[in-house]
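J.: Dropping in run-v1.csv, which is CSV, C-alpha atoms:
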chain,number,residue,atom,x,y,z
A,1,MET,CA,21.7,-7.4,21.2
A,2,MET,CA,19.8,-6.2,18.2
A,3,THR,CA,18.6,-2.5,18.2
A,4,LEU,CA,14.9,-2.3,17.5
A,5,PRO,CA,13.6,0.4,15.2
A,6,ASN,CA,11.8,3.5,16.5
A,7,PRO,CA,10.6,2.5,19.9
A,8,VAL,CA,7.3,4.1,20.8
A,9,GLN,CA,7.8,6.6,23.7
A,10,LYS,CA,4.8,5.7,25.8
A,11,PRO,CA,4.6,3.5,28.9
A,12,PRO,CA,4.1,-0.2,28.0
A,13,SER,CA,0.8,-0.3,29.9
A,14,LEU,CA,-0.6,2.6,27.8
A,15,GLN,CA,0.6,0.9,24.6
A,16,LEU,CA,-1.1,-2.3,25.6
A,17,LEU,CA,-4.4,-0.5,26.4
A,18,GLU,CA,-4.3,1.3,23.0
A,19,TRP,CA,-3.4,-2.1,21.3
A,20,ILE,CA,-6.5,-3.7,22.9
A,21,PHE,CA,-9.1,-1.0,22.4
A,22,THR,CA,-7.9,1.1,19.4
A,23,PRO,CA,-5.3,-0.9,17.5
A,24,LEU,CA,-5.8,0.7,14.1
A,25,SER,CA,-5.8,4.2,15.5
A,26,GLN,CA,-2.7,3.4,17.5
A,27,MET,CA,-0.9,2.0,14.4
A,28,GLU,CA,-1.8,5.0,12.3
A,29,GLU,CA,-0.7,7.4,15.0
A,30,CYS,CA,2.6,5.6,15.5
A,31,ALA,CA,3.2,5.4,11.7
A,32,LYS,CA,2.8,9.2,11.5
A,33,ARG,CA,5.0,9.9,14.4
A,34,TYR,CA,7.7,7.1,14.1
A,35,GLY,CA,7.6,6.2,10.4
A,36,ASP,CA,6.8,3.0,8.5
A,37,ILE,CA,8.6,0.7,11.0
A,38,PHE,CA,8.3,1.1,14.7
A,39,THR,CA,8.5,-1.0,17.9
A,40,LEU,CA,5.7,-1.4,20.5
A,41,GLN,CA,6.4,-2.7,24.0
A,42,LEU,CA,3.0,-4.1,25.2
A,43,GLY,CA,4.2,-5.1,28.6
A,44,ARG,CA,7.3,-5.3,30.8
A,45,ASN,CA,7.5,-9.1,30.5
A,46,THR,CA,6.6,-9.5,26.9
A,47,PRO,CA,8.9,-9.3,23.9
A,48,PRO,CA,8.7,-6.2,21.8
A,49,LEU,CA,6.5,-6.1,18.7
A,50,VAL,CA,8.0,-4.6,15.5
A,51,VAL,CA,5.3,-3.2,13.3
A,52,THR,CA,5.7,-2.2,9.6
A,53,SER,CA,3.4,-0.8,7.1
A,54,HIS,CA,6.0,-0.2,4.4
A,55,PRO,CA,4.9,-2.1,1.2
A,56,GLN,CA,8.5,-3.2,0.3
A,57,ALA,CA,9.2,-4.4,3.9
A,58,LEU,CA,6.0,-6.4,3.9
A,59,GLN,CA,6.8,-7.9,0.6
A,60,GLU,CA,10.3,-8.9,1.8
A,61,ILE,CA,8.9,-10.4,5.1
A,62,LEU,CA,6.2,-12.4,3.3
A,63,THR,CA,8.3,-13.7,0.4
A,64,ASN,CA,11.8,-14.1,1.8
A,65,ASP,CA,13.5,-17.2,2.9
A,66,ILE,CA,12.1,-18.8,6.1
A,67,GLU,CA,15.6,-18.7,7.6
A,68,LYS,CA,15.6,-14.9,7.5
A,69,PHE,CA,12.2,-14.3,9.0
A,70,THR,CA,10.3,-16.7,11.3
A,71,SER,CA,7.2,-16.3,13.4
A,72,PRO,CA,7.3,-17.5,17.0
A,73,GLY,CA,3.6,-18.5,16.8
A,74,GLU,CA,3.5,-19.7,20.3
A,75,LEU,CA,4.3,-16.1,21.4
A,76,ASN,CA,1.4,-14.7,19.3
A,77,THR,CA,-1.5,-16.7,20.7
A,78,GLU,CA,-3.1,-13.5,22.1
A,79,PHE,CA,-3.8,-12.5,18.4
A,80,GLU,CA,-5.8,-15.6,17.7
A,81,PRO,CA,-9.2,-13.9,18.3
A,82,LEU,CA,-8.2,-11.2,15.8
A,83,VAL,CA,-6.5,-13.3,13.1
A,84,GLY,CA,-7.5,-16.9,13.8
A,85,LYS,CA,-5.7,-20.1,14.9
A,86,GLN,CA,-4.2,-20.9,11.5
A,87,SER,CA,-3.0,-17.4,10.7
A,88,VAL,CA,0.6,-16.9,9.5
A,89,PHE,CA,1.1,-14.9,12.7
A,90,THR,CA,0.0,-17.5,15.1
A,91,ILE,CA,1.6,-20.7,13.8
A,92,SER,CA,5.3,-21.8,13.7
A,93,GLY,CA,7.6,-24.2,11.9
A,94,GLU,CA,6.4,-26.1,8.8
A,95,ALA,CA,2.8,-24.9,9.1
A,96,HIS,CA,4.0,-21.3,9.2
A,97,GLN,CA,6.2,-21.9,6.2
A,98,ARG,CA,3.3,-23.5,4.2
A,99,GLN,CA,1.0,-20.6,5.1
A,100,ARG,CA,3.6,-18.0,4.2
A,101,GLN,CA,4.1,-19.6,0.8
A,102,LEU,CA,0.4,-19.1,0.1
A,103,CYS,CA,0.8,-15.4,0.7
A,104,HIS,CA,1.5,-13.5,-2.5
A,105,VAL,CA,2.2,-9.8,-2.3
A,106,THR,CA,1.8,-7.7,-5.4
A,107,ILE,CA,2.9,-4.1,-5.2
Spit out the file's structure as structure tokens when you get a sec.
T.:
Amino acid sequence: MMTLPNPVQKPPSLQLLEWIFTPLSQMEECAKRYGDIFTLQLGRNTPPLVVTSHPQALQEILTNDIEKFTSPGELNTEFEPLVGKQSVFTISGEAHQRQRQLCHVTI
């Protein structure tokens, strides 16, 4: 089993409420406390969410080989109201790969 980075030390229910009502504040607070990469647990029966704000990590995720980083879009449908149905975060497979290739990160 893979060890996830810097798990947030709050109850999952509180993490979920913060994610719904104050997501930007939550991410800023967590980045200050846990660093550029941290793990949220938004519910007991949901997979953990690894969040990063580190520019080099974002560049690697968005420009690396599809075999190394994939998006389980079907698990991210709750983000559709925030990012849209065709977001790189909410689609999978070939559509995800096509969208990711359109992303160009310049640092």
J.: Applying 8 Å and only C-alpha atoms, which residues near Phe38 of chain A remain after dropping the ones on its own chain fewer than 5 positions away? List them as a list in words.
T.: Leu4, Pro5, Asn6, Pro7, Val8, Cys30, Ala31, Val50, Val51 and Thr52 of chain A
J.: Atom CA of Ile20 of chain A and atom CA of Leu42 of chain A are how many Å apart?
T.: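 That distance, rounded to one decimal, is 9.8 Å.
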J.: For atom CA of Ser13 of chain A and atom CA of Gly43 of chain A, determine how far apart the two atoms are, in Å to one decimal place.
T.: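 Here the two named atoms are 6.0 Å from each other.
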J.: Would you compute the distance between atom CA of Gly84 of chain A and atom CA of Thr22 of chain A? Give it in Å to one decimal.
T.: 18.9 Å
J.: When distances are computed from all atoms listed in the file, which of A:Met2, A:Pro48, A:Pro23, A:Arg98 shows the smallest separation from Gln86 of chain A?
T.: A:Arg98
J.: With distances taken over only C-alpha atoms, which of A:Ser92, A:Gln9, A:Ser25, A:Gln56 is nearest to Leu40 of chain A?
T.: A:Gln9
J.: Closest to His54 of chain A among A:Thr90, A:Trp19, A:Asp36, A:Pro81, using all atoms listed in the file?
T.: A:Asp36
